[in-house]
Amino acid sequence: MPEPQRPRTDDRGDEGLSLSGEDAEAGAAAANDLEDLFENAPCGYVSTDKDGRITRANATLAQWISASAADLVGKRFSELLTIGGKLYYETHFSPLLRMQGSFTEVALDLACEGGRKLPVLVNAVERRDDAGKPLFVRITIFNASERRRYERSLVEAKAAAEQAMHAEHAAAELREQFIAVLGHDLRNPLASIAGGIRLIGKESVSERGRKVLDLMEGSIVRASTLIDNVMDFARARLGSGIGLSPDPNTRIAPVIEQVVAELRSIARDRTIQARIDPDLDVEADHGRIGQLVSNLLGNALTHGSAEQPVRLTATTAAGMFEISVANGGAPISPDAMEHLFQPFFRGSVRPSQQGLGLGLHIAAEIAKAHGGTIGVASDDVETRFTFTMPCRQEAVEVE
Amino acid sequence: MSTILQRHNAKISGSGATTMMFAHGFGCDQNMWRFVAPAFEDEFSVLMFDHIGAGGSDHSVYEPERYATLAGYADDVVELARASEIERGVFVGHSVSAMIGILAAKQAPELFDTLILVGPSPRYTDDGDYIGGFAEPQIEDLLEFLDSNHLGWSQVMAPAIMANPDRPELAQELTDSFCRSDPEIAKRFARATFLSDNRDDLAGVKARTLILQCRDDVIAPISVGEFVHQAIPGSEFVVLDATGHCPNLSAPEQTIAAMKAFL
C-alpha cells in the first residue's frame, strides 16, 4: 500500500527523524513510547484505507475482541460489529463519514469471540488530499460498557415512567367514567322521590308535614345541583367539554327567578335580594345559565355571613349581559383567590358545610362556553362574583 | 396544503426531454446522490427527492400503515412521477429504492422505460436455496439495535455534528439533516426494508435494466446481484470495483461511467 500523504498537522515524525548524536537514544526511547502508546493505549485504534478496509489495528482492540491484530488487517471495519451495527454502519455512518469527513460518539457494539458484545463509542475522521479525495480513515474506539449500561437504564427508566403515566391516565379516566355513570344513575331515584313528594303535596297534609315536604324538596334541588356539577366535571374531563344548547327563546329572566326561588326554599333562614331586569334579551343555554346562577348563589350562601343578605342583580348594558352575586362576611384570602375556580377547591369550610368544591369551577366553565367570564372582587365589605357575556353569540363567533 | 413535490423535498435540475429520477435508500437522504446526479444534468432533467420520513421531507405526513411495506413508498414514486409529468423516464434507485422502483414501474409501466438499480436486493434474509446474506434473527438483531441505540443515535443526529471545514460546499443545513431520522420512523423503514421479499416481482420487469453491484457489499452480496440479473429478463450486470454499500458516495466516477455507458 502506498504511504498516505502526510496531513499538514502531522509533522512530528519528521522531527523525530532529524534527531542526532546523543539525542538518538532518547529519540529511540520516545519512539518506543509512541509505539507503546499506540499499541497499548486505553482505547482501540484502527486505521482503514479509504474503502474501510483495516490497514492497522492496535493491541488493545485486538485483545478486547480476542483476535490477533494481524488477523484484523484486510477486514472491513464494519465486520468487527454485531449484525445490527454492521447494517447500521453501512447504511448510516459510512455515508456520514464520506459526507462529513468525520463522526463522533457513535454507539456501536463490537462482536467479540464467543458471541460476547462489547458496547463502545466510536469516533472517526477521514483524511483527504488537497483535492478532497479520501486517503484513509482513523477510528478511535472507547470501551463504553458502563456508560451504555447507564444510558440503557435511563431509557428503561423513561419507558417505565411513561408506562406509569399511561396507567395513571387510564385509572383517572376510569374514575371519571365511574363518576359520570354514578351521577347518571342517581338521577332516576331522585326523580322518583321528587315525584312522590309532589304527589303527597297534593293530598291533605298537616302544617308540620307541609314544612317537612318543603325541606325535602329543597334537599332534592341541592342533590340535583351536585349531581349536575359532578357529571359536567366528569364530562369535561373526559373530553366532551361543557355542551351548550342555546334556547331560541331569548327571555332569560324567568329562568333566573326560578333558580332564586329554589335557593330561597332551601335556605329559608337567609335573605336573597334579587334585582332582575324583566326584559333581559340574551342568547344563551337557559339551563346552563340557571346552573351558573345556582352555583354562584350556593357559593354565596355557603361562604357569606349569615347575618347579611345575598344580593343578585341581572342586567344588560352595551350588548353585555351581566349577573352579579354579592355576599357579606370575611374577604377571600389572596391565597384562596388563586385557587377559587379550580375543581375540588373548598376553601376553609367547616366540615358540616356541604359541597364538593365543583360549583365555581363549573360556573367558570359555563361562562367560558358562552364566551363570557367570571370576575371576583372581595374586601371587608363584600365579596362579589360578576359573570359577563355578550348578549348575542354571533358577535363573538362570526369573524 | 403542500404539493407532493414539496412534501418530498423534491429538487429539479438539469435540462432534457427525459427525466432521471434518483431515489435514496434506507439510512440517508437525497444527498446520497450529490456526487452522481450533477453529471447527468446536461442531458437529462434530474429529479431528486426524499422518502417521507427521511431528510427534508414533511415528517408530519408519515403514516405508519402506509409505509409498513415498500408498496407505500412505491405509491409515492408513482405519484411524484405523475405530478412531474414523467413519461418513459429513467429511474435510479439505490439499495431498497431499487425494489421500490421495480414496484412503481410494475404499477405504472408508462413512467419509466429504464431502471438503474444500485446494490439491489429482493430479499435480505436467506430462504432455502436463496442466499440473501442474513438470517432472519440477525435482522431482528438490527431492529433491536435500533431500539437500544437511539440515545447514541440521537446524539449523532444532534446539530452538534461538526461542520466540515474541508468541504465548504456542504452547507450546515445538509450536515444537520443528512442521515438524520426519527428513531421510530427509522425502525419502521428498517422493518419494511429488511423483511421485504420482492423476488417474484423481478420477472415482470419490462424496462431496460442496469444492475450496479459493489465488489464487496455486506448488505447486498454479489450473489444477490447475480440473482437479480438472472431474474430480470435482458438486464445488464456491472460489478463496480468499489467496496461497501454506497458506490454513489465511495466511487462516484465509476458509478457515473457505468450509468453513462448504459444510457
# chains A, B, ... in the order shown; residues from 1 in each chain; ligands from 1

$ residues_around --residues "Gly72 of chain B" --least-positions-apart "5" --cutoff "10 Å" --atoms "only C-alpha atoms" --output "list in words"
Ile52, Glu63, Pro64, Glu65, Arg66, Tyr67, Val77, Ile100, Leu103, Ala104 and Ala192 of chain B

$ closest_atom_pairs --of "chain A" --to "chain B" --cutoff "7 Å" --atoms "only C-alpha atoms" --output "tab-separated table"
residue	atom	partner	partner_atom	distance
A:Asp51	CA	B:Thr243	CA	6.0
A:Ile83	CA	B:Gln138	CA	6.1
A:Gly84	CA	B:Leu142	CA	3.5
A:Gly85	CA	B:Leu142	CA	7.0
A:Leu87	CA	B:Ile219	CA	6.8
A:Glu90	CA	B:His245	CA	6.3
A:Thr91	CA	B:Gly27	CA	5.1
A:His92	CA	B:Gly27	CA	5.1
A:Pro95	CA	B:Leu249	CA	6.8
A:Leu96	CA	B:Cys179	CA	6.9
A:Arg98	CA	B:Leu249	CA	6.8
A:Gln100	CA	B:Asn164	CA	5.9
A:Gly101	CA	B:Asn164	CA	6.7
A:Thr104	CA	B:Val156	CA	6.9
A:Glu105	CA	B:Val156	CA	6.7
A:Val106	CA	B:Gly152	CA	5.9
A:Ala107	CA	B:Gly152	CA	5.0

$ write_last_selection --atoms "C-alpha atoms" --output "mmCIF file, in the first residue's frame"
data_model
loop_
_atom_site.group_PDB
_atom_site.id
_atom_site.type_symbol
_atom_site.label_atom_id
_atom_site.label_comp_id
_atom_site.auth_asym_id
_atom_site.auth_seq_id
_atom_site.Cartn_x
_atom_site.Cartn_y
_atom_site.Cartn_z
ATOM 1 C CA ASP A 51 -12.788 1.900 1.412
ATOM 2 C CA ILE A 83 -25.039 -7.617 12.668
ATOM 3 C CA GLY A 84 -27.259 -4.734 13.680
ATOM 4 C CA GLY A 85 -24.294 -2.423 13.999
ATOM 5 C CA LEU A 87 -26.073 -2.855 8.797
ATOM 6 C CA GLU A 90 -23.007 0.608 6.222
ATOM 7 C CA THR A 91 -26.299 2.445 5.747
ATOM 8 C CA HIS A 92 -25.704 5.414 8.043
ATOM 9 C CA PRO A 95 -22.112 7.523 4.226
ATOM 10 C CA LEU A 96 -21.966 10.083 7.025
ATOM 11 C CA ARG A 98 -17.847 10.157 3.458
ATOM 12 C CA GLN A 100 -18.899 14.997 6.572
ATOM 13 C CA GLY A 101 -15.396 13.700 6.902
ATOM 14 C CA THR A 104 -18.246 11.334 16.839
ATOM 15 C CA GLU A 105 -19.738 9.399 19.735
ATOM 16 C CA VAL A 106 -21.455 6.770 17.663
ATOM 17 C CA ALA A 107 -22.736 3.963 19.871
#

$ residues_around --residues "Ala23 of chain B" --least-positions-apart "3" --cutoff "7 Å" --atoms "only C-alpha atoms" --output "mmCIF file with N, CA and C atoms, in the first residue's frame"
data_model
loop_
_atom_site.group_PDB
_atom_site.id
_atom_site.type_symbol
_atom_site.label_atom_id
_atom_site.label_comp_id
_atom_site.auth_asym_id
_atom_site.auth_seq_id
_atom_site.Cartn_x
_atom_site.Cartn_y
_atom_site.Cartn_z
ATOM 1 N N GLN B 30 -31.568 12.310 -0.094
ATOM 2 C CA GLN B 30 -31.212 12.512 -1.499
ATOM 3 C C GLN B 30 -29.759 12.967 -1.690
ATOM 4 N N MET B 48 -34.574 14.806 -7.825
ATOM 5 C CA MET B 48 -34.159 14.114 -6.597
ATOM 6 C C MET B 48 -35.197 14.393 -5.520
ATOM 7 N N PHE B 49 -35.387 13.449 -4.620
ATOM 8 C CA PHE B 49 -36.397 13.645 -3.575
ATOM 9 C C PHE B 49 -36.028 12.831 -2.341
ATOM 10 N N VAL B 92 -33.499 5.775 -11.064
ATOM 11 C CA VAL B 92 -32.259 5.313 -10.464
ATOM 12 C C VAL B 92 -32.520 5.096 -8.980
ATOM 13 N N GLY B 93 -32.435 3.854 -8.532
ATOM 14 C CA GLY B 93 -32.741 3.573 -7.130
ATOM 15 C C GLY B 93 -31.576 2.907 -6.435
ATOM 16 N N HIS B 94 -31.204 3.465 -5.284
ATOM 17 C CA HIS B 94 -30.117 2.871 -4.502
ATOM 18 C C HIS B 94 -30.696 1.977 -3.414
ATOM 19 N N SER B 97 -34.409 1.294 -2.566
ATOM 20 C CA SER B 97 -35.176 2.019 -3.579
ATOM 21 C C SER B 97 -35.106 1.351 -4.948
#

$ select_by_dssp --residues "segment 3-242 of chain B" --states "strand (DSSP E or B)" --output "PyMOL selection string"
chain B and resi 11-14+19-23+45-49+89-94+112-118+123+125+127+130+134+197+208-216+236-242

$ write_last_selection --atoms "N, CA and C atoms" --output "CSV table (one decimal), in the first residue's frame"
chain,number,residue,atom,x,y,z
B,11,LYS,N,-36.1,18.2,-5.6
B,11,LYS,CA,-35.3,19.2,-6.3
B,11,LYS,C,-35.2,18.8,-7.7
B,12,ILE,N,-35.5,19.8,-8.6
B,12,ILE,CA,-35.4,19.5,-10.0
B,12,ILE,C,-34.3,20.4,-10.6
B,13,SER,N,-33.4,19.8,-11.4
B,13,SER,CA,-32.3,20.5,-12.0
B,13,SER,C,-32.1,19.9,-13.4
B,14,GLY,N,-31.1,20.5,-14.1
B,14,GLY,CA,-30.8,20.0,-15.4
B,14,GLY,C,-31.8,20.3,-16.5
B,19,THR,N,-36.6,12.6,-18.1
B,19,THR,CA,-36.3,12.9,-16.7
B,19,THR,C,-35.6,11.7,-16.0
B,20,MET,N,-34.6,11.9,-15.3
B,20,MET,CA,-34.0,10.9,-14.4
B,20,MET,C,-34.4,11.1,-13.0
B,21,MET,N,-35.0,10.1,-12.4
B,21,MET,CA,-35.5,10.3,-11.0
B,21,MET,C,-34.5,9.5,-10.1
B,22,PHE,N,-34.0,10.1,-9.1
B,22,PHE,CA,-33.0,9.5,-8.2
B,22,PHE,C,-33.6,9.2,-6.9
B,23,ALA,N,-33.6,8.0,-6.4
B,23,ALA,CA,-34.2,7.7,-5.1
B,23,ALA,C,-33.2,7.1,-4.2
B,45,SER,N,-33.3,16.0,-17.5
B,45,SER,CA,-33.9,16.7,-16.3
B,45,SER,C,-33.7,15.7,-15.1
B,46,VAL,N,-33.2,16.3,-14.0
B,46,VAL,CA,-32.9,15.5,-12.9
B,46,VAL,C,-33.9,15.8,-11.7
B,47,LEU,N,-34.5,14.7,-11.2
B,47,LEU,CA,-35.4,14.9,-10.1
B,47,LEU,C,-34.9,14.1,-8.9
B,48,MET,N,-34.6,14.8,-7.8
B,48,MET,CA,-34.2,14.1,-6.6
B,48,MET,C,-35.2,14.4,-5.5
B,49,PHE,N,-35.4,13.4,-4.6
B,49,PHE,CA,-36.4,13.6,-3.6
B,49,PHE,C,-36.0,12.8,-2.3
B,89,GLY,N,-39.3,7.7,-18.5
B,89,GLY,CA,-38.1,8.3,-17.9
B,89,GLY,C,-37.1,7.2,-17.4
B,90,VAL,N,-36.1,7.7,-16.6
B,90,VAL,CA,-35.1,6.8,-16.1
B,90,VAL,C,-35.2,6.8,-14.6
B,91,PHE,N,-35.4,5.7,-14.0
B,91,PHE,CA,-35.4,5.6,-12.5
B,91,PHE,C,-34.1,5.0,-12.0
B,92,VAL,N,-33.5,5.8,-11.1
B,92,VAL,CA,-32.3,5.3,-10.5
B,92,VAL,C,-32.5,5.1,-9.0
B,93,GLY,N,-32.4,3.9,-8.5
B,93,GLY,CA,-32.7,3.6,-7.1
B,93,GLY,C,-31.6,2.9,-6.4
B,94,HIS,N,-31.2,3.5,-5.3
B,94,HIS,CA,-30.1,2.9,-4.5
B,94,HIS,C,-30.7,2.0,-3.4
B,112,PHE,N,-41.5,4.8,-16.5
B,112,PHE,CA,-40.1,4.5,-16.7
B,112,PHE,C,-39.8,3.4,-17.7
B,113,ASP,N,-39.0,3.7,-18.7
B,113,ASP,CA,-38.6,2.6,-19.6
B,113,ASP,C,-37.1,2.2,-19.3
B,114,THR,N,-36.5,2.9,-18.3
B,114,THR,CA,-35.2,2.4,-17.9
B,114,THR,C,-35.0,2.4,-16.4
B,115,LEU,N,-34.5,1.3,-15.9
B,115,LEU,CA,-34.3,1.2,-14.4
B,115,LEU,C,-32.8,1.1,-14.2
B,116,ILE,N,-32.2,1.8,-13.3
B,116,ILE,CA,-30.8,1.6,-12.9
B,116,ILE,C,-30.9,1.2,-11.4
B,117,LEU,N,-30.5,0.0,-11.1
B,117,LEU,CA,-30.6,-0.5,-9.7
B,117,LEU,C,-29.2,-0.6,-9.1
B,118,VAL,N,-29.0,0.2,-8.0
B,118,VAL,CA,-27.6,0.2,-7.4
B,118,VAL,C,-27.7,-0.5,-6.1
B,123,ARG,N,-34.5,-9.7,-1.4
B,123,ARG,CA,-34.8,-10.3,-0.1
B,123,ARG,C,-33.5,-10.4,0.6
B,125,THR,N,-33.0,-11.7,3.7
B,125,THR,CA,-32.8,-12.9,4.5
B,125,THR,C,-32.7,-14.2,3.7
B,127,ASP,N,-33.4,-17.9,2.4
B,127,ASP,CA,-34.7,-18.7,2.3
B,127,ASP,C,-34.4,-19.9,1.4
B,130,TYR,N,-32.0,-19.8,-1.6
B,130,TYR,CA,-31.7,-18.4,-1.8
B,130,TYR,C,-30.9,-17.9,-0.7
B,134,PHE,N,-28.4,-12.7,5.1
B,134,PHE,CA,-28.7,-12.6,6.5
B,134,PHE,C,-29.7,-13.6,7.0
B,197,ASP,N,-39.7,-9.1,0.6
B,197,ASP,CA,-39.4,-10.2,-0.3
B,197,ASP,C,-40.1,-9.8,-1.7
B,208,ARG,N,-35.7,-1.5,-19.6
B,208,ARG,CA,-34.3,-1.8,-19.8
B,208,ARG,C,-33.7,-1.7,-18.4
B,209,THR,N,-32.9,-2.6,-18.0
B,209,THR,CA,-32.4,-2.6,-16.6
B,209,THR,C,-30.9,-2.7,-16.5
B,210,LEU,N,-30.3,-1.9,-15.7
B,210,LEU,CA,-28.9,-2.0,-15.4
B,210,LEU,C,-28.8,-2.3,-13.9
B,211,ILE,N,-28.0,-3.2,-13.5
B,211,ILE,CA,-27.7,-3.6,-12.1
B,211,ILE,C,-26.3,-3.2,-11.8
B,212,LEU,N,-26.1,-2.3,-10.9
B,212,LEU,CA,-24.8,-1.9,-10.4
B,212,LEU,C,-24.5,-2.6,-9.1
B,213,GLN,N,-23.4,-3.3,-9.0
B,213,GLN,CA,-23.1,-4.1,-7.8
B,213,GLN,C,-21.7,-3.8,-7.3
B,214,CYS,N,-21.6,-3.6,-6.0
B,214,CYS,CA,-20.2,-3.4,-5.5
B,214,CYS,C,-19.5,-4.7,-5.3
B,215,ARG,N,-18.2,-4.7,-5.4
B,215,ARG,CA,-17.5,-5.9,-5.3
B,215,ARG,C,-17.6,-6.6,-3.9
B,216,ASP,N,-17.7,-5.7,-3.0
B,216,ASP,CA,-17.7,-6.2,-1.6
B,216,ASP,C,-18.7,-5.5,-0.7
B,236,GLU,N,-28.7,-5.9,-17.6
B,236,GLU,CA,-27.2,-5.8,-17.7
B,236,GLU,C,-26.7,-5.8,-16.3
B,237,PHE,N,-25.5,-6.4,-16.1
B,237,PHE,CA,-25.0,-6.5,-14.7
B,237,PHE,C,-23.5,-6.0,-14.7
B,238,VAL,N,-23.3,-5.0,-13.9
B,238,VAL,CA,-21.9,-4.5,-13.9
B,238,VAL,C,-21.4,-4.5,-12.4
B,239,VAL,N,-20.3,-5.1,-12.2
B,239,VAL,CA,-19.7,-5.1,-10.9
B,239,VAL,C,-18.7,-4.0,-10.8
B,240,LEU,N,-18.9,-3.1,-9.9
B,240,LEU,CA,-18.0,-1.9,-9.7
B,240,LEU,C,-16.8,-2.3,-8.8
B,241,ASP,N,-15.7,-1.8,-9.1
B,241,ASP,CA,-14.5,-2.0,-8.3
B,241,ASP,C,-14.6,-1.1,-7.1
B,242,ALA,N,-15.6,-1.3,-6.3
B,242,ALA,CA,-15.8,-0.5,-5.1
B,242,ALA,C,-16.3,-1.4,-4.0

$ closest_residue --among "B:Ile185, B:Met99, B:Ala108, B:Leu263" --to "Leu202 of chain B" --atoms "only C-alpha atoms"
B:Met99

$ atom_distance --atom1 "atom CA of Lys202 of chain A" --atom2 "atom CA of Val221 of chain A"
19.1 Å

$ select_by_dssp --residues "segment 8-245 of chain A" --states "helix (DSSP H, G or I)" --output "PyMOL selection string"
chain A and resi 12-17+23-40+59-64+69-72+77-80+83-100+113-115+145-202+207-237

$ residues_around --residues "Arg53 of chain A" --least-positions-apart "2" --cutoff "7 Å" --atoms "only C-alpha atoms" --output "PyMOL selection string"
chain A and resi 48-49+51+55+74-77

$ atom_distance --atom1 "atom CA of Val282 of chain A" --atom2 "atom CA of Leu360 of chain A"
21.8 Å

$ residues_around --residues "Leu111 of chain B" --least-positions-apart "5" --cutoff "7 Å" --atoms "only C-alpha atoms" --output "list in words"
Ala81, Ile86, Glu87, Arg88, Gly89 and Ala105 of chain B

$ write_last_selection --atoms "C-alpha atoms" --output "compact mmCIF listing (two decimals), in the first residue's frame"
# COMPACT_ATOMS: atom_id res chain seq x y z
CA ALA B 81 -43.52 10.90 -11.25
CA ILE B 86 -42.59 11.91 -16.26
CA GLU B 87 -43.02 9.57 -19.22
CA ARG B 88 -40.58 6.95 -20.41
CA GLY B 89 -38.11 8.27 -17.86
CA ALA B 105 -42.66 0.53 -12.71

$ closest_residue --among "B:Pro38, B:Ala74, B:Asp50, B:Glu43" --to "Asn9 of chain B" --atoms "only C-alpha atoms"
B:Asp50

$ atom_distance --atom1 "atom CA of Thr313 of chain A" --atom2 "atom CA of Pro334 of chain A"
25.3 Å

$ closest_residue --among "A:Leu37, A:Ile323, A:Val137, A:Val255" --to "Gly52 of chain A" --atoms "only C-alpha atoms"
A:Val137

$ decode --residues "segment 93-128 of chain A" --atoms "N, CA and C atoms" --output "PDB file, in the first residue's frame"
ATOM      1  N   PHE A  93     -23.474   5.329   8.990  1.00  0.00           N
ATOM      2  CA  PHE A  93     -22.257   6.005   9.433  1.00  0.00           C
ATOM      3  C   PHE A  93     -21.189   6.063   8.363  1.00  0.00           C
ATOM      4  N   SER A  94     -21.131   5.008   7.539  1.00  0.00           N
ATOM      5  CA  SER A  94     -20.167   5.040   6.459  1.00  0.00           C
ATOM      6  C   SER A  94     -20.493   6.192   5.483  1.00  0.00           C
ATOM      7  N   PRO A  95     -21.773   6.345   5.051  1.00  0.00           N
ATOM      8  CA  PRO A  95     -22.112   7.523   4.226  1.00  0.00           C
ATOM      9  C   PRO A  95     -21.855   8.846   4.956  1.00  0.00           C
ATOM     10  N   LEU A  96     -22.154   8.853   6.245  1.00  0.00           N
ATOM     11  CA  LEU A  96     -21.966  10.083   7.025  1.00  0.00           C
ATOM     12  C   LEU A  96     -20.492  10.488   7.031  1.00  0.00           C
ATOM     13  N   LEU A  97     -19.630   9.501   7.194  1.00  0.00           N
ATOM     14  CA  LEU A  97     -18.190   9.749   7.228  1.00  0.00           C
ATOM     15  C   LEU A  97     -17.724  10.316   5.884  1.00  0.00           C
ATOM     16  N   ARG A  98     -18.216   9.704   4.803  1.00  0.00           N
ATOM     17  CA  ARG A  98     -17.847  10.157   3.458  1.00  0.00           C
ATOM     18  C   ARG A  98     -18.343  11.592   3.222  1.00  0.00           C
ATOM     19  N   MET A  99     -19.511  11.878   3.759  1.00  0.00           N
ATOM     20  CA  MET A  99     -20.161  13.152   3.516  1.00  0.00           C
ATOM     21  C   MET A  99     -19.558  14.249   4.364  1.00  0.00           C
ATOM     22  N   GLN A 100     -19.321  13.954   5.640  1.00  0.00           N
ATOM     23  CA  GLN A 100     -18.899  14.997   6.572  1.00  0.00           C
ATOM     24  C   GLN A 100     -17.429  14.948   6.901  1.00  0.00           C
ATOM     25  N   GLY A 101     -16.807  13.832   6.583  1.00  0.00           N
ATOM     26  CA  GLY A 101     -15.396  13.700   6.902  1.00  0.00           C
ATOM     27  C   GLY A 101     -15.143  13.214   8.320  1.00  0.00           C
ATOM     28  N   SER A 102     -16.186  13.120   9.131  1.00  0.00           N
ATOM     29  CA  SER A 102     -15.973  12.623  10.489  1.00  0.00           C
ATOM     30  C   SER A 102     -17.303  12.268  11.131  1.00  0.00           C
ATOM     31  N   PHE A 103     -17.249  11.490  12.174  1.00  0.00           N
ATOM     32  CA  PHE A 103     -18.400  11.373  13.068  1.00  0.00           C
ATOM     33  C   PHE A 103     -17.882  11.159  14.475  1.00  0.00           C
ATOM     34  N   THR A 104     -18.694  11.480  15.460  1.00  0.00           N
ATOM     35  CA  THR A 104     -18.246  11.334  16.839  1.00  0.00           C
ATOM     36  C   THR A 104     -19.322  10.674  17.689  1.00  0.00           C
ATOM     37  N   GLU A 105     -18.861   9.981  18.708  1.00  0.00           N
ATOM     38  CA  GLU A 105     -19.738   9.399  19.735  1.00  0.00           C
ATOM     39  C   GLU A 105     -20.840   8.514  19.182  1.00  0.00           C
ATOM     40  N   VAL A 106     -20.487   7.720  18.189  1.00  0.00           N
ATOM     41  CA  VAL A 106     -21.455   6.770  17.663  1.00  0.00           C
ATOM     42  C   VAL A 106     -21.454   5.530  18.567  1.00  0.00           C
ATOM     43  N   ALA A 107     -22.631   5.123  18.987  1.00  0.00           N
ATOM     44  CA  ALA A 107     -22.736   3.963  19.871  1.00  0.00           C
ATOM     45  C   ALA A 107     -22.836   2.689  19.039  1.00  0.00           C
ATOM     46  N   LEU A 108     -21.877   1.782  19.194  1.00  0.00           N
ATOM     47  CA  LEU A 108     -21.882   0.520  18.445  1.00  0.00           C
ATOM     48  C   LEU A 108     -21.498  -0.611  19.398  1.00  0.00           C
ATOM     49  N   ASP A 109     -21.720  -1.836  18.950  1.00  0.00           N
ATOM     50  CA  ASP A 109     -21.284  -2.991  19.738  1.00  0.00           C
ATOM     51  C   ASP A 109     -20.240  -3.771  18.940  1.00  0.00           C
ATOM     52  N   LEU A 110     -19.102  -4.040  19.568  1.00  0.00           N
ATOM     53  CA  LEU A 110     -18.109  -4.903  18.920  1.00  0.00           C
ATOM     54  C   LEU A 110     -18.531  -6.356  19.135  1.00  0.00           C
ATOM     55  N   ALA A 111     -18.430  -7.136  18.082  1.00  0.00           N
ATOM     56  CA  ALA A 111     -18.731  -8.562  18.211  1.00  0.00           C
ATOM     57  C   ALA A 111     -17.453  -9.267  18.651  1.00  0.00           C
ATOM     58  N   CYS A 112     -17.443  -9.787  19.873  1.00  0.00           N
ATOM     59  CA  CYS A 112     -16.244 -10.443  20.389  1.00  0.00           C
ATOM     60  C   CYS A 112     -16.396 -11.947  20.252  1.00  0.00           C
ATOM     61  N   GLU A 113     -15.289 -12.633  20.491  1.00  0.00           N
ATOM     62  CA  GLU A 113     -15.328 -14.079  20.342  1.00  0.00           C
ATOM     63  C   GLU A 113     -16.328 -14.678  21.323  1.00  0.00           C
ATOM     64  N   GLY A 114     -17.009 -15.709  20.900  1.00  0.00           N
ATOM     65  CA  GLY A 114     -17.954 -16.388  21.786  1.00  0.00           C
ATOM     66  C   GLY A 114     -19.286 -15.665  21.880  1.00  0.00           C
ATOM     67  N   GLY A 115     -19.556 -14.776  20.918  1.00  0.00           N
ATOM     68  CA  GLY A 115     -20.859 -14.115  20.879  1.00  0.00           C
ATOM     69  C   GLY A 115     -21.001 -12.980  21.886  1.00  0.00           C
ATOM     70  N   ARG A 116     -19.910 -12.681  22.596  1.00  0.00           N
ATOM     71  CA  ARG A 116     -19.957 -11.576  23.549  1.00  0.00           C
ATOM     72  C   ARG A 116     -20.036 -10.247  22.792  1.00  0.00           C
ATOM     73  N   LYS A 117     -20.733  -9.278  23.377  1.00  0.00           N
ATOM     74  CA  LYS A 117     -20.791  -7.950  22.767  1.00  0.00           C
ATOM     75  C   LYS A 117     -20.040  -6.971  23.660  1.00  0.00           C
ATOM     76  N   LEU A 118     -19.269  -6.093  23.067  1.00  0.00           N
ATOM     77  CA  LEU A 118     -18.621  -5.040  23.852  1.00  0.00           C
ATOM     78  C   LEU A 118     -19.170  -3.689  23.398  1.00  0.00           C
ATOM     79  N   PRO A 119     -19.966  -3.050  24.257  1.00  0.00           N
ATOM     80  CA  PRO A 119     -20.506  -1.748  23.871  1.00  0.00           C
ATOM     81  C   PRO A 119     -19.385  -0.709  23.816  1.00  0.00           C
ATOM     82  N   VAL A 120     -19.344   0.032  22.724  1.00  0.00           N
ATOM     83  CA  VAL A 120     -18.279   1.033  22.555  1.00  0.00           C
ATOM     84  C   VAL A 120     -18.858   2.332  22.003  1.00  0.00           C
ATOM     85  N   LEU A 121     -18.075   3.379  22.172  1.00  0.00           N
ATOM     86  CA  LEU A 121     -18.366   4.634  21.476  1.00  0.00           C
ATOM     87  C   LEU A 121     -17.238   4.849  20.474  1.00  0.00           C
ATOM     88  N   VAL A 122     -17.601   5.283  19.282  1.00  0.00           N
ATOM     89  CA  VAL A 122     -16.635   5.337  18.200  1.00  0.00           C
ATOM     90  C   VAL A 122     -16.566   6.750  17.603  1.00  0.00           C
ATOM     91  N   ASN A 123     -15.342   7.224  17.432  1.00  0.00           N
ATOM     92  CA  ASN A 123     -15.109   8.460  16.677  1.00  0.00           C
ATOM     93  C   ASN A 123     -14.314   8.102  15.433  1.00  0.00           C
ATOM     94  N   ALA A 124     -14.548   8.824  14.356  1.00  0.00           N
ATOM     95  CA  ALA A 124     -13.774   8.552  13.149  1.00  0.00           C
ATOM     96  C   ALA A 124     -13.535   9.842  12.395  1.00  0.00           C
ATOM     97  N   VAL A 125     -12.393   9.886  11.713  1.00  0.00           N
ATOM     98  CA  VAL A 125     -12.119  11.032  10.851  1.00  0.00           C
ATOM     99  C   VAL A 125     -11.504  10.515   9.558  1.00  0.00           C
ATOM    100  N   GLU A 126     -11.954  11.097   8.452  1.00  0.00           N
ATOM    101  CA  GLU A 126     -11.444  10.692   7.143  1.00  0.00           C
ATOM    102  C   GLU A 126     -10.397  11.715   6.706  1.00  0.00           C
ATOM    103  N   ARG A 127      -9.233  11.252   6.354  1.00  0.00           N
ATOM    104  CA  ARG A 127      -8.199  12.166   5.862  1.00  0.00           C
ATOM    105  C   ARG A 127      -8.307  12.249   4.352  1.00  0.00           C
ATOM    106  N   ARG A 128      -8.140  13.475   3.851  1.00  0.00           N
ATOM    107  CA  ARG A 128      -8.294  13.687   2.410  1.00  0.00           C
ATOM    108  C   ARG A 128      -7.109  14.430   1.843  1.00  0.00           C
TER     109      ARG A 128
END
